[in-house]
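Just start03.pdb here, PDB, C-alpha atoms:
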```pdb
ATOM      1  CA  MET S  36     -17.101  10.631 -58.405  1.00  0.00           C
ATOM      2  CA  SER S  37     -14.089   8.631 -59.476  1.00  0.00           C
ATOM      3  CA  THR S  38     -14.926   4.979 -60.018  1.00  0.00           C
ATOM      4  CA  THR S  39     -11.456   3.744 -60.918  1.00  0.00           C
ATOM      5  CA  TRP S  40      -8.239   3.401 -58.980  1.00  0.00           C
ATOM      6  CA  GLN S  41      -6.676   6.262 -60.945  1.00  0.00           C
ATOM      7  CA  GLY S  42      -6.223   9.599 -59.227  1.00  0.00           C
ATOM      8  CA  ALA S  43      -9.262  11.850 -58.899  1.00  0.00           C
ATOM      9  CA  ASP S  44      -9.228  15.621 -59.392  1.00  0.00           C
ATOM     10  CA  LEU S  45      -9.142  15.950 -55.598  1.00  0.00           C
ATOM     11  CA  ASP S  46      -7.793  12.868 -53.867  1.00  0.00           C
ATOM     12  CA  GLU S  47      -7.845  12.305 -50.096  1.00  0.00           C
ATOM     13  CA  MET S  48      -4.596  10.638 -49.011  1.00  0.00           C
ATOM     14  CA  ALA S  49      -5.061  10.935 -45.224  1.00  0.00           C
ATOM     15  CA  PRO S  50      -7.929  12.285 -43.097  1.00  0.00           C
ATOM     16  CA  ASN S  51      -8.707  15.775 -44.496  1.00  0.00           C
ATOM     17  CA  ASN S  52      -5.408  15.780 -46.420  1.00  0.00           C
ATOM     18  CA  PHE S  53      -5.848  15.926 -50.177  1.00  0.00           C
ATOM     19  CA  ILE S  54      -3.800  15.994 -53.367  1.00  0.00           C
ATOM     20  CA  VAL S  55      -4.993  18.475 -56.003  1.00  0.00           C
ATOM     21  CA  ARG S  56      -4.648  16.872 -59.436  1.00  0.00           C
ATOM     22  CA  ASN S  57      -6.731  19.355 -61.432  1.00  0.00           C
ATOM     23  CA  GLU S  58      -6.215  23.121 -61.350  1.00  0.00           C
ATOM     24  CA  ARG S  59      -9.963  23.656 -61.751  1.00  0.00           C
ATOM     25  CA  VAL S  60     -10.427  22.474 -58.156  1.00  0.00           C
ATOM     26  CA  ARG S  61      -8.372  25.281 -56.621  1.00  0.00           C
ATOM     27  CA  PRO S  62     -11.059  28.034 -56.628  1.00  0.00           C
ATOM     28  CA  PHE S  63     -13.328  25.824 -54.521  1.00  0.00           C
ATOM     29  CA  LEU S  64     -10.648  25.439 -51.843  1.00  0.00           C
ATOM     30  CA  ARG S  65     -10.215  29.112 -50.981  1.00  0.00           C
ATOM     31  CA  GLY S  66     -11.105  29.778 -47.368  1.00  0.00           C
ATOM     32  CA  GLU S  67     -11.496  26.077 -46.609  1.00  0.00           C
ATOM     33  CA  GLY S  68      -7.987  25.288 -45.404  1.00  0.00           C
ATOM     34  CA  THR S  69      -4.293  25.458 -46.233  1.00  0.00           C
ATOM     35  CA  LEU S  70      -3.180  24.966 -49.821  1.00  0.00           C
ATOM     36  CA  SER S  71       0.538  24.345 -50.344  1.00  0.00           C
ATOM     37  CA  GLY S  72       1.505  23.406 -53.869  1.00  0.00           C
ATOM     38  CA  SER S  73      -0.605  20.408 -54.778  1.00  0.00           C
ATOM     39  CA  HIS S  74      -1.352  19.567 -51.128  1.00  0.00           C
ATOM     40  CA  PHE S  75      -4.533  20.752 -49.444  1.00  0.00           C
ATOM     41  CA  LEU S  76      -5.397  20.460 -45.741  1.00  0.00           C
ATOM     42  CA  LEU S  77      -9.103  20.902 -45.034  1.00  0.00           C
ATOM     43  CA  GLU S  78      -9.528  22.940 -41.848  1.00  0.00           C
ATOM     44  CA  THR S  79     -13.213  23.902 -41.807  1.00  0.00           C
ATOM     45  CA  TRP S  80     -16.315  21.955 -40.834  1.00  0.00           C
ATOM     46  CA  ARG S  81     -17.784  22.340 -44.334  1.00  0.00           C
ATOM     47  CA  ARG S  82     -16.283  19.095 -45.687  1.00  0.00           C
ATOM     48  CA  ASP S  83     -19.490  17.529 -47.053  1.00  0.00           C
ATOM     49  CA  GLY S  84     -20.657  20.764 -48.650  1.00  0.00           C
ATOM     50  CA  LEU S  85     -17.263  21.399 -50.243  1.00  0.00           C
ATOM     51  CA  ILE S  86     -17.110  17.932 -51.741  1.00  0.00           C
ATOM     52  CA  ALA S  87     -20.683  18.242 -53.017  1.00  0.00           C
ATOM     53  CA  ARG S  88     -19.933  21.574 -54.720  1.00  0.00           C
ATOM     54  CA  ILE S  89     -16.830  20.222 -56.430  1.00  0.00           C
ATOM     55  CA  ARG S  90     -18.667  17.156 -57.683  1.00  0.00           C
ATOM     56  CA  SER S  91     -21.629  19.207 -58.887  1.00  0.00           C
ATOM     57  CA  ALA S  92     -19.169  21.135 -61.075  1.00  0.00           C
ATOM     58  CA  GLY S  93     -18.316  17.905 -62.878  1.00  0.00           C
ATOM     59  CA  LEU S  94     -15.026  17.341 -61.055  1.00  0.00           C
ATOM     60  CA  SER S  95     -14.110  14.122 -59.287  1.00  0.00           C
ATOM     61  CA  VAL S  96     -13.355  13.736 -55.602  1.00  0.00           C
ATOM     62  CA  ARG S  97     -12.150  10.511 -54.044  1.00  0.00           C
ATOM     63  CA  THR S  98     -12.346  10.302 -50.266  1.00  0.00           C
ATOM     64  CA  LEU S  99     -10.894   7.609 -48.051  1.00  0.00           C
ATOM     65  CA  LEU S 100     -14.418   6.202 -47.752  1.00  0.00           C
ATOM     66  CA  ASP S 101     -14.638   6.029 -51.548  1.00  0.00           C
ATOM     67  CA  ARG S 102     -11.395   4.066 -51.629  1.00  0.00           C
ATOM     68  CA  VAL S 103     -12.706   1.565 -49.099  1.00  0.00           C
ATOM     69  CA  ASN S 104     -16.049   1.186 -50.879  1.00  0.00           C
ATOM     70  CA  ALA S 105     -14.278   0.543 -54.201  1.00  0.00           C
ATOM     71  CA  LEU S 106     -12.240  -2.364 -52.844  1.00  0.00           C
ATOM     72  CA  PRO S 107     -13.362  -5.810 -53.995  1.00  0.00           C
ATOM     73  CA  THR S 108     -14.858  -8.201 -51.470  1.00  0.00           C
ATOM     74  CA  VAL S 109     -13.719 -11.817 -51.427  1.00  0.00           C
ATOM     75  CA  PRO S 110     -15.967 -14.157 -53.422  1.00  0.00           C
ATOM     76  CA  SER S 111     -18.343 -16.276 -51.386  1.00  0.00           C
ATOM     77  CA  GLU S 112     -18.749 -20.050 -51.369  1.00  0.00           C
ATOM     78  CA  ARG S 113     -15.227 -20.893 -52.501  1.00  0.00           C
ATOM     79  CA  THR S 114     -13.736 -24.192 -51.321  1.00  0.00           C
ATOM     80  CA  VAL S 115     -10.674 -26.182 -52.329  1.00  0.00           C
ATOM     81  CA  GLY S 116     -10.923 -29.392 -54.295  1.00  0.00           C
ATOM     82  CA  PRO S 117      -8.873 -32.587 -54.232  1.00  0.00           C
ATOM     83  CA  GLN S 118      -5.111 -32.785 -54.091  1.00  0.00           C
ATOM     84  CA  VAL S 119      -3.360 -33.035 -57.454  1.00  0.00           C
ATOM     85  CA  PHE S 120       0.228 -33.234 -58.648  1.00  0.00           C
ATOM     86  CA  ARG S 121       1.946 -30.527 -60.704  1.00  0.00           C
ATOM     87  CA  PRO S 122       5.297 -31.550 -62.254  1.00  0.00           C
ATOM     88  CA  LEU S 123       8.072 -28.974 -62.418  1.00  0.00           C
ATOM     89  CA  GLY S 124       8.546 -27.327 -65.791  1.00  0.00           C
ATOM     90  CA  THR S 125      12.207 -26.591 -65.093  1.00  0.00           C
ATOM     91  CA  ALA S 126      14.593 -27.511 -62.321  1.00  0.00           C
ATOM     92  CA  LYS S 127      14.703 -23.886 -61.152  1.00  0.00           C
ATOM     93  CA  GLU S 128      10.965 -23.469 -60.650  1.00  0.00           C
ATOM     94  CA  GLN S 129       9.879 -22.516 -57.149  1.00  0.00           C
ATOM     95  CA  TRP S 130       6.251 -22.904 -56.140  1.00  0.00           C
ATOM     96  CA  ALA S 131       4.500 -21.316 -53.182  1.00  0.00           C
ATOM     97  CA  GLY S 132       1.059 -21.746 -51.678  1.00  0.00           C
ATOM     98  CA  PHE S 133      -0.727 -19.421 -49.287  1.00  0.00           C
ATOM     99  CA  ASP S 134       0.038 -20.035 -45.620  1.00  0.00           C
ATOM    100  CA  ARG S 135      -3.351 -19.993 -43.894  1.00  0.00           C
ATOM    101  CA  ALA S 136      -1.918 -19.309 -40.452  1.00  0.00           C
ATOM    102  CA  ARG S 137       0.706 -16.667 -41.287  1.00  0.00           C
ATOM    103  CA  LEU S 138      -1.209 -15.097 -44.204  1.00  0.00           C
ATOM    104  CA  ARG S 139       1.707 -15.002 -46.606  1.00  0.00           C
ATOM    105  CA  TRP S 140       3.234 -17.109 -49.361  1.00  0.00           C
ATOM    106  CA  ARG S 141       5.212 -20.172 -48.285  1.00  0.00           C
ATOM    107  CA  ASP S 142       7.390 -22.417 -50.422  1.00  0.00           C
ATOM    108  CA  LEU S 143       5.881 -25.780 -51.310  1.00  0.00           C
ATOM    109  CA  PRO S 144       8.080 -28.842 -50.810  1.00  0.00           C
ATOM    110  CA  ILE S 145       9.281 -30.676 -53.894  1.00  0.00           C
ATOM    111  CA  VAL S 146       8.065 -34.284 -54.043  1.00  0.00           C
ATOM    112  CA  THR S 147       8.614 -37.129 -56.496  1.00  0.00           C
ATOM    113  CA  HIS S 148       5.618 -38.815 -58.117  1.00  0.00           C
ATOM    114  CA  GLU S 149       6.070 -41.677 -60.574  1.00  0.00           C
ATOM    115  CA  GLY S 150       9.642 -40.583 -61.157  1.00  0.00           C
ATOM    116  CA  ARG S 151       8.798 -36.911 -61.774  1.00  0.00           C
ATOM    117  CA  ARG S 152       9.601 -34.027 -59.463  1.00  0.00           C
ATOM    118  CA  GLY S 153       6.853 -31.549 -58.672  1.00  0.00           C
ATOM    119  CA  VAL S 154       4.512 -30.162 -56.039  1.00  0.00           C
ATOM    120  CA  GLU S 155       1.256 -31.329 -54.512  1.00  0.00           C
ATOM    121  CA  VAL S 156      -1.474 -28.698 -54.682  1.00  0.00           C
ATOM    122  CA  LEU S 157      -5.237 -28.455 -54.265  1.00  0.00           C
ATOM    123  CA  VAL S 158      -7.737 -27.710 -57.008  1.00  0.00           C
ATOM    124  CA  ASP S 159      -8.857 -24.042 -56.782  1.00  0.00           C
ATOM    125  CA  GLU S 160      -5.826 -23.206 -54.612  1.00  0.00           C
ATOM    126  CA  PRO S 161      -3.921 -20.034 -55.592  1.00  0.00           C
ATOM    127  CA  VAL S 162      -0.195 -20.500 -56.133  1.00  0.00           C
ATOM    128  CA  ARG S 163       2.836 -18.447 -57.031  1.00  0.00           C
ATOM    129  CA  ARG S 164       5.504 -19.672 -59.438  1.00  0.00           C
ATOM    130  CA  ARG S 165       8.987 -18.207 -59.591  1.00  0.00           C
ATOM    131  CA  LYS S 166      11.571 -19.028 -62.211  1.00  0.00           C
ATOM    132  CA  SER S 167      14.039 -16.496 -60.842  1.00  0.00           C
ATOM    133  CA  ARG S 168      14.207 -14.027 -57.967  1.00  0.00           C
ATOM    134  CA  SER S 169      11.543 -11.832 -59.543  1.00  0.00           C
ATOM    135  CA  GLY S 170       8.059 -11.352 -58.117  1.00  0.00           C
ATOM    136  CA  GLY S 171       6.769 -14.396 -59.944  1.00  0.00           C
ATOM    137  CA  ASP S 172       3.544 -15.344 -61.700  1.00  0.00           C
ATOM    138  CA  PHE S 173       0.241 -16.225 -60.078  1.00  0.00           C
ATOM    139  CA  PHE S 174      -2.213 -18.986 -60.910  1.00  0.00           C
ATOM    140  CA  VAL S 175      -5.246 -20.820 -59.622  1.00  0.00           C
ATOM    141  CA  ILE S 176      -5.004 -24.598 -59.842  1.00  0.00           C
ATOM    142  CA  VAL S 177      -7.584 -26.237 -62.118  1.00  0.00           C
ATOM    143  CA  PRO S 178      -8.072 -29.967 -62.766  1.00  0.00           C
ATOM    144  CA  GLN S 179      -6.342 -31.398 -65.813  1.00  0.00           C
ATOM    145  CA  GLY S 180      -6.830 -34.958 -66.984  1.00  0.00           C
ATOM    146  CA  THR S 181      -6.801 -37.621 -64.282  1.00  0.00           C
ATOM    147  CA  GLY S 182      -5.214 -36.265 -61.122  1.00  0.00           C
ATOM    148  CA  GLY S 183      -3.304 -33.576 -62.984  1.00  0.00           C
ATOM    149  CA  ALA S 184      -2.997 -29.870 -62.227  1.00  0.00           C
ATOM    150  CA  GLY S 185      -3.632 -27.207 -64.834  1.00  0.00           C
ATOM    151  CA  LEU S 186      -2.974 -23.503 -64.373  1.00  0.00           C
ATOM    152  CA  LEU S 187      -5.362 -20.579 -64.691  1.00  0.00           C
ATOM    153  CA  ALA S 188      -3.261 -17.420 -64.969  1.00  0.00           C
ATOM    154  CA  VAL S 189      -4.419 -14.574 -62.699  1.00  0.00           C
ATOM    155  CA  ASP S 190      -2.895 -11.385 -61.331  1.00  0.00           C
ATOM    156  CA  GLU S 191      -1.645 -10.996 -57.778  1.00  0.00           C
ATOM    157  CA  GLU S 192      -4.870  -9.388 -56.562  1.00  0.00           C
ATOM    158  CA  ALA S 193      -7.045 -12.203 -57.905  1.00  0.00           C
ATOM    159  CA  ALA S 194      -4.739 -14.831 -56.393  1.00  0.00           C
ATOM    160  CA  LEU S 195      -4.846 -13.222 -52.962  1.00  0.00           C
ATOM    161  CA  LEU S 196      -8.607 -12.645 -53.114  1.00  0.00           C
ATOM    162  CA  GLN S 197      -8.976 -16.343 -53.877  1.00  0.00           C
ATOM    163  CA  ALA S 198      -6.721 -17.208 -50.928  1.00  0.00           C
ATOM    164  CA  TYR S 199      -8.749 -15.127 -48.481  1.00  0.00           C
ATOM    165  CA  ALA S 200     -12.035 -16.371 -49.959  1.00  0.00           C
ATOM    166  CA  LEU S 201     -10.992 -19.956 -49.279  1.00  0.00           C
ATOM    167  CA  LEU S 202     -10.083 -19.030 -45.722  1.00  0.00           C
ATOM    168  CA  GLY S 203     -13.358 -17.207 -45.185  1.00  0.00           C
ATOM    169  CA  ASN S 204     -15.300 -20.312 -46.180  1.00  0.00           C
ATOM    170  CA  SER S 205     -13.323 -22.766 -44.062  1.00  0.00           C
ATOM    171  CA  HIS S 206     -12.971 -23.490 -40.373  1.00  0.00           C
ATOM    172  CA  GLU S 207      -9.530 -21.830 -40.514  1.00  0.00           C
ATOM    173  CA  LEU S 208     -10.563 -18.194 -40.356  1.00  0.00           C
ATOM    174  CA  ALA S 209      -8.040 -15.556 -41.320  1.00  0.00           C
ATOM    175  CA  ARG S 210      -7.386 -13.832 -38.025  1.00  0.00           C
ATOM    176  CA  LEU S 211      -5.274 -10.969 -36.775  1.00  0.00           C
ATOM    177  CA  HIS S 212      -4.922  -9.500 -33.304  1.00  0.00           C
ATOM    178  CA  PHE S 213      -5.077  -5.861 -32.327  1.00  0.00           C
ATOM    179  CA  THR S 214      -4.122  -3.836 -29.285  1.00  0.00           C
ATOM    180  CA  LYS S 215      -5.519  -0.502 -28.160  1.00  0.00           C
ATOM    181  CA  VAL S 216      -3.388   2.372 -26.954  1.00  0.00           C
ATOM    182  CA  ASP S 217      -5.384   5.405 -25.841  1.00  0.00           C
ATOM    183  CA  ASP S 218      -7.643   6.119 -28.833  1.00  0.00           C
ATOM    184  CA  HIS S 219      -5.496   4.268 -31.392  1.00  0.00           C
ATOM    185  CA  TYR S 220      -5.724   0.663 -32.536  1.00  0.00           C
ATOM    186  CA  HIS S 221      -2.722  -1.318 -33.747  1.00  0.00           C
ATOM    187  CA  VAL S 222      -3.329  -4.439 -35.822  1.00  0.00           C
ATOM    188  CA  GLN S 223      -0.452  -6.900 -35.552  1.00  0.00           C
ATOM    189  CA  GLY S 224       0.275  -7.903 -39.128  1.00  0.00           C
ATOM    190  CA  ASP S 225       4.030  -8.090 -39.606  1.00  0.00           C
ATOM    191  CA  GLY S 226       4.744 -10.017 -42.786  1.00  0.00           C
ATOM    192  CA  VAL S 227       1.075 -10.408 -43.686  1.00  0.00           C
ATOM    193  CA  ILE S 228       0.390 -10.082 -47.421  1.00  0.00           C
ATOM    194  CA  LEU S 229      -2.858  -8.523 -48.615  1.00  0.00           C
ATOM    195  CA  PRO S 230      -4.135  -7.740 -52.117  1.00  0.00           C
ATOM    196  CA  PRO S 231      -2.240  -4.633 -53.301  1.00  0.00           C
ATOM    197  CA  ARG S 232      -5.153  -2.181 -53.237  1.00  0.00           C
ATOM    198  CA  HIS S 233      -6.307  -3.297 -49.797  1.00  0.00           C
ATOM    199  CA  ALA S 234      -2.759  -2.945 -48.471  1.00  0.00           C
ATOM    200  CA  GLU S 235      -2.375   0.494 -50.064  1.00  0.00           C
ATOM    201  CA  THR S 236      -5.633   1.688 -48.523  1.00  0.00           C
ATOM    202  CA  LEU S 237      -4.646   0.481 -45.058  1.00  0.00           C
ATOM    203  CA  ASP S 238      -1.317   2.289 -45.427  1.00  0.00           C
ATOM    204  CA  LEU S 239      -3.186   5.516 -46.209  1.00  0.00           C
ATOM    205  CA  LEU S 240      -5.439   5.012 -43.192  1.00  0.00           C
ATOM    206  CA  SER S 241      -2.507   4.332 -40.861  1.00  0.00           C
ATOM    207  CA  ALA S 242      -1.494   7.029 -38.415  1.00  0.00           C
ATOM    208  CA  GLY S 243       2.153   8.088 -38.565  1.00  0.00           C
ATOM    209  CA  LYS S 244       4.840   5.697 -39.738  1.00  0.00           C
ATOM    210  CA  THR S 245       3.656   2.649 -37.811  1.00  0.00           C
ATOM    211  CA  ARG S 246       2.045   0.073 -40.066  1.00  0.00           C
ATOM    212  CA  TRP S 247      -1.623  -0.585 -39.379  1.00  0.00           C
ATOM    213  CA  THR S 248      -2.060   1.812 -36.477  1.00  0.00           C
ATOM    214  CA  PHE S 249      -5.383   3.581 -36.838  1.00  0.00           C
ATOM    215  CA  GLY S 250      -6.743   6.645 -35.089  1.00  0.00           C
ATOM    216  CA  PRO S 251     -10.334   7.459 -34.111  1.00  0.00           C
ATOM    217  CA  THR S 252     -11.191   8.845 -37.562  1.00  0.00           C
ATOM    218  CA  THR S 253      -9.877   5.863 -39.535  1.00  0.00           C
ATOM    219  CA  SER S 254     -10.293   2.757 -37.348  1.00  0.00           C
ATOM    220  CA  ALA S 255     -13.839   2.042 -38.577  1.00  0.00           C
ATOM    221  CA  LEU S 256     -12.719   2.357 -42.211  1.00  0.00           C
ATOM    222  CA  ALA S 257      -9.764   0.059 -41.565  1.00  0.00           C
ATOM    223  CA  GLU S 258     -12.079  -2.513 -40.009  1.00  0.00           C
ATOM    224  CA  ARG S 259     -14.181  -2.480 -43.179  1.00  0.00           C
ATOM    225  CA  VAL S 260     -11.082  -3.179 -45.283  1.00  0.00           C
ATOM    226  CA  PHE S 261     -10.315  -6.259 -43.199  1.00  0.00           C
ATOM    227  CA  GLU S 262     -13.964  -7.338 -43.379  1.00  0.00           C
ATOM    228  CA  LYS S 263     -13.815  -7.254 -47.183  1.00  0.00           C
ATOM    229  CA  LEU S 264     -11.111  -9.926 -46.956  1.00  0.00           C
ATOM    230  CA  ALA S 265     -13.022 -11.967 -44.351  1.00  0.00           C
ATOM    231  CA  ILE S 266     -10.242 -11.269 -41.833  1.00  0.00           C
ATOM    232  CA  VAL S 267     -11.450 -11.475 -38.246  1.00  0.00           C
ATOM    233  CA  LEU S 268      -9.849  -9.119 -35.718  1.00  0.00           C
ATOM    234  CA  PHE S 269      -9.336 -10.325 -32.154  1.00  0.00           C
ATOM    235  CA  PRO S 270      -8.289  -8.154 -29.203  1.00  0.00           C
ATOM    236  CA  GLY S 271      -4.793  -8.787 -27.939  1.00  0.00           C
ATOM    237  CA  ILE S 272      -3.218  -7.764 -24.640  1.00  0.00           C
ATOM    238  CA  PRO S 273      -4.259  -4.152 -23.853  1.00  0.00           C
ATOM    239  CA  LEU S 274      -1.396  -1.707 -23.597  1.00  0.00           C
ATOM    240  CA  ALA S 275      -2.044   0.579 -20.643  1.00  0.00           C
ATOM    241  CA  THR S 276      -0.698   4.067 -21.173  1.00  0.00           C
ATOM    242  CA  ASP S 277      -2.667   5.957 -18.565  1.00  0.00           C
ATOM    243  CA  THR S 278      -1.037   4.441 -15.475  1.00  0.00           C
ATOM    244  CA  PRO S 279      -0.153   7.293 -13.077  1.00  0.00           C
ATOM    245  CA  THR S 280       3.571   7.867 -12.781  1.00  0.00           C
ATOM    246  CA  LYS S 281       5.282   8.249  -9.438  1.00  0.00           C
ATOM    247  CA  GLY S 282       4.760  11.696  -8.027  1.00  0.00           C
ATOM    248  CA  ALA S 283       2.006  12.574 -10.490  1.00  0.00           C
TER     249      ALA S 283
END
```

Structure re-expressed in structure tokens:
Amino acid sequence: MSTTWQGADLDEMAPNNFIVRNERVRPFLRGEGTLSGSHFLLETWRRDGLIARIRSAGLSVRTLLDRVNALPTVPSERTVGPQVFRPLGTAKEQWAGFDRARLRWRDLPIVTHEGRRGVEVLVDEPVRRRKSRSGGDFFVIVPQGTGGAGLLAVDEEAALLQAYALLGNSHELARLHFTKVDDHYHVQGDGVILPPRHAETLDLLSAGKTRWTFGPTTSALAERVFEKLAIVLFPGIPLATDTPTKGA
């Protein structure tokens, strides 16, 4: 079984929809569904047996469940430290912290401290620094000297995992609302930023083109992705779709 985020020999990209990345997999797929180019749609009930046979031949299969299980969980027992001051390195620097209510990066205000311009941040807080309009660099604030702010360079995933870990261990829980339409669930997350692999997995689990709308076969997996980030889902206003129409 694939244990990395690289493509497996047979890779599930949607429920029972796979990408064939190794020609040696093809003989196993005969009679099990529709094979079109590198795309395979499983149409029989023998899913578990098929996957077991492919893996026993030394080939890798990554299912949607495998993707979810491979996602990192936010670290436990993370809390922010005291407020410290970080002076600007250049006049064009832009700093952002993680907005705990909107779950996205927000620009930090520039303040002046002892004649120097900079930002006020918290020890162990993840931040993003931009020197241009590019994606920016990510850091975790560490103490430096007396009341100073040092920088621990991290990648985007580590910064966002730190952000959600801090939320999960505070009274300000990361929360999103969902609505149910028939047998589908829609999580309201416009503008919400998640660690890249978690976001990619939720996109694969989503039904159709609507972001974070999950059907009966993927809603439980999607819930596990949110749980790994300590995001709590709350029901929103139900959307009734089964109201009888006039004359029905």

Shortest interatomic distance to Gly203 in chain S - which of S:Leu77, S:Val267, S:Ala126, S:Leu70, counting only C-alpha atoms: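 So, comparing all the options, the nearest one is S:Val267.
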
Selection result for the PyMOL selection byres ((chain S and resi 93) around 12) on this file, as a ChimeraX atom specification: /S:36-37,43-45,57,59-60,86-92,94-96

Output C-alpha atoms of each residue in that selection to a file, as a PDB file, keeping the file's coordinate frame.
```pdb
ATOM      1  CA  MET S  36     -17.101  10.631 -58.405  1.00  0.00           C
ATOM      2  CA  SER S  37     -14.089   8.631 -59.476  1.00  0.00           C
ATOM      3  CA  ALA S  43      -9.262  11.850 -58.899  1.00  0.00           C
ATOM      4  CA  ASP S  44      -9.228  15.621 -59.392  1.00  0.00           C
ATOM      5  CA  LEU S  45      -9.142  15.950 -55.598  1.00  0.00           C
ATOM      6  CA  ASN S  57      -6.731  19.355 -61.432  1.00  0.00           C
ATOM      7  CA  ARG S  59      -9.963  23.656 -61.751  1.00  0.00           C
ATOM      8  CA  VAL S  60     -10.427  22.474 -58.156  1.00  0.00           C
ATOM      9  CA  ILE S  86     -17.110  17.932 -51.741  1.00  0.00           C
ATOM     10  CA  ALA S  87     -20.683  18.242 -53.017  1.00  0.00           C
ATOM     11  CA  ARG S  88     -19.933  21.574 -54.720  1.00  0.00           C
ATOM     12  CA  ILE S  89     -16.830  20.222 -56.430  1.00  0.00           C
ATOM     13  CA  ARG S  90     -18.667  17.156 -57.683  1.00  0.00           C
ATOM     14  CA  SER S  91     -21.629  19.207 -58.887  1.00  0.00           C
ATOM     15  CA  ALA S  92     -19.169  21.135 -61.075  1.00  0.00           C
ATOM     16  CA  LEU S  94     -15.026  17.341 -61.055  1.00  0.00           C
ATOM     17  CA  SER S  95     -14.110  14.122 -59.287  1.00  0.00           C
ATOM     18  CA  VAL S  96     -13.355  13.736 -55.602  1.00  0.00           C
TER      19      VAL S  96
END
```

Non-local contacts of range 193-200 of chain S (8 Å; only C-alpha atoms; under 6 positions in same chain excluded) as a ChimeraX atom specification: /S:108-113,133,160-162,173-175,209,229-230,264-266

Could you dump the residues just selected with C-alpha atoms as a PDB file, in the frame of the given file?
```pdb
ATOM      1  CA  THR S 108     -14.858  -8.201 -51.470  1.00  0.00           C
ATOM      2  CA  VAL S 109     -13.719 -11.817 -51.427  1.00  0.00           C
ATOM      3  CA  PRO S 110     -15.967 -14.157 -53.422  1.00  0.00           C
ATOM      4  CA  SER S 111     -18.343 -16.276 -51.386  1.00  0.00           C
ATOM      5  CA  GLU S 112     -18.749 -20.050 -51.369  1.00  0.00           C
ATOM      6  CA  ARG S 113     -15.227 -20.893 -52.501  1.00  0.00           C
ATOM      7  CA  PHE S 133      -0.727 -19.421 -49.287  1.00  0.00           C
ATOM      8  CA  GLU S 160      -5.826 -23.206 -54.612  1.00  0.00           C
ATOM      9  CA  PRO S 161      -3.921 -20.034 -55.592  1.00  0.00           C
ATOM     10  CA  VAL S 162      -0.195 -20.500 -56.133  1.00  0.00           C
ATOM     11  CA  PHE S 173       0.241 -16.225 -60.078  1.00  0.00           C
ATOM     12  CA  PHE S 174      -2.213 -18.986 -60.910  1.00  0.00           C
ATOM     13  CA  VAL S 175      -5.246 -20.820 -59.622  1.00  0.00           C
ATOM     14  CA  ALA S 209      -8.040 -15.556 -41.320  1.00  0.00           C
ATOM     15  CA  LEU S 229      -2.858  -8.523 -48.615  1.00  0.00           C
ATOM     16  CA  PRO S 230      -4.135  -7.740 -52.117  1.00  0.00           C
ATOM     17  CA  LEU S 264     -11.111  -9.926 -46.956  1.00  0.00           C
ATOM     18  CA  ALA S 265     -13.022 -11.967 -44.351  1.00  0.00           C
ATOM     19  CA  ILE S 266     -10.242 -11.269 -41.833  1.00  0.00           C
TER      20      ILE S 266
END
```

Which residues of range 123-163 of chain S come within 10 Å of range 178-181 of chain S, and for each one, what is the closest pair of atoms and their distance in Å to one decimal, counting only C-alpha atoms, sorted by chain and residue number, as JSON lines?
```
{"residue": "S:Leu157", "atom": "CA", "partner": "S:Pro178", "partner_atom": "CA", "distance": 9.1}
{"residue": "S:Val158", "atom": "CA", "partner": "S:Pro178", "partner_atom": "CA", "distance": 6.2}
{"residue": "S:Asp159", "atom": "CA", "partner": "S:Pro178", "partner_atom": "CA", "distance": 8.5}
```

Output of the PyMOL selection byres ((chain S and resi 245-262) around 10), listed as a ChimeraX atom specification: /S:49-50,99-100,102-104,106-109,209-211,213-225,229,232-234,236-244,263-268

Starting from the shown file, work through the PyMOL selection byres ((chain S and resi 67) around 6) and note down what comes out as a PDB file with C-alpha atoms, keeping the file's coordinate frame.
```pdb
ATOM      1  CA  LEU S  64     -10.648  25.439 -51.843  1.00  0.00           C
ATOM      2  CA  ARG S  65     -10.215  29.112 -50.981  1.00  0.00           C
ATOM      3  CA  GLY S  66     -11.105  29.778 -47.368  1.00  0.00           C
ATOM      4  CA  GLY S  68      -7.987  25.288 -45.404  1.00  0.00           C
ATOM      5  CA  LEU S  77      -9.103  20.902 -45.034  1.00  0.00           C
ATOM      6  CA  THR S  79     -13.213  23.902 -41.807  1.00  0.00           C
TER       7      THR S  79
END
```

At a cut-off of 10 Å around the point (10.4, -22.0, -59.1) (file coordinates), what residues fall inside when counting only C-alpha atoms? I'd like the answer as a PDB file with C-alpha atoms, in the coordinates of the input.
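Output below, filename result20.pdb:
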```
ATOM      1  CA  LEU S 123       8.072 -28.974 -62.418  1.00  0.00           C
ATOM      2  CA  GLY S 124       8.546 -27.327 -65.791  1.00  0.00           C
ATOM      3  CA  THR S 125      12.207 -26.591 -65.093  1.00  0.00           C
ATOM      4  CA  ALA S 126      14.593 -27.511 -62.321  1.00  0.00           C
ATOM      5  CA  LYS S 127      14.703 -23.886 -61.152  1.00  0.00           C
ATOM      6  CA  GLU S 128      10.965 -23.469 -60.650  1.00  0.00           C
ATOM      7  CA  GLN S 129       9.879 -22.516 -57.149  1.00  0.00           C
ATOM      8  CA  TRP S 130       6.251 -22.904 -56.140  1.00  0.00           C
ATOM      9  CA  ALA S 131       4.500 -21.316 -53.182  1.00  0.00           C
ATOM     10  CA  ASP S 142       7.390 -22.417 -50.422  1.00  0.00           C
ATOM     11  CA  LEU S 143       5.881 -25.780 -51.310  1.00  0.00           C
ATOM     12  CA  ARG S 163       2.836 -18.447 -57.031  1.00  0.00           C
ATOM     13  CA  ARG S 164       5.504 -19.672 -59.438  1.00  0.00           C
ATOM     14  CA  ARG S 165       8.987 -18.207 -59.591  1.00  0.00           C
ATOM     15  CA  LYS S 166      11.571 -19.028 -62.211  1.00  0.00           C
ATOM     16  CA  SER S 167      14.039 -16.496 -60.842  1.00  0.00           C
ATOM     17  CA  ARG S 168      14.207 -14.027 -57.967  1.00  0.00           C
ATOM     18  CA  GLY S 171       6.769 -14.396 -59.944  1.00  0.00           C
ATOM     19  CA  ASP S 172       3.544 -15.344 -61.700  1.00  0.00           C
TER      20      ASP S 172
END
```
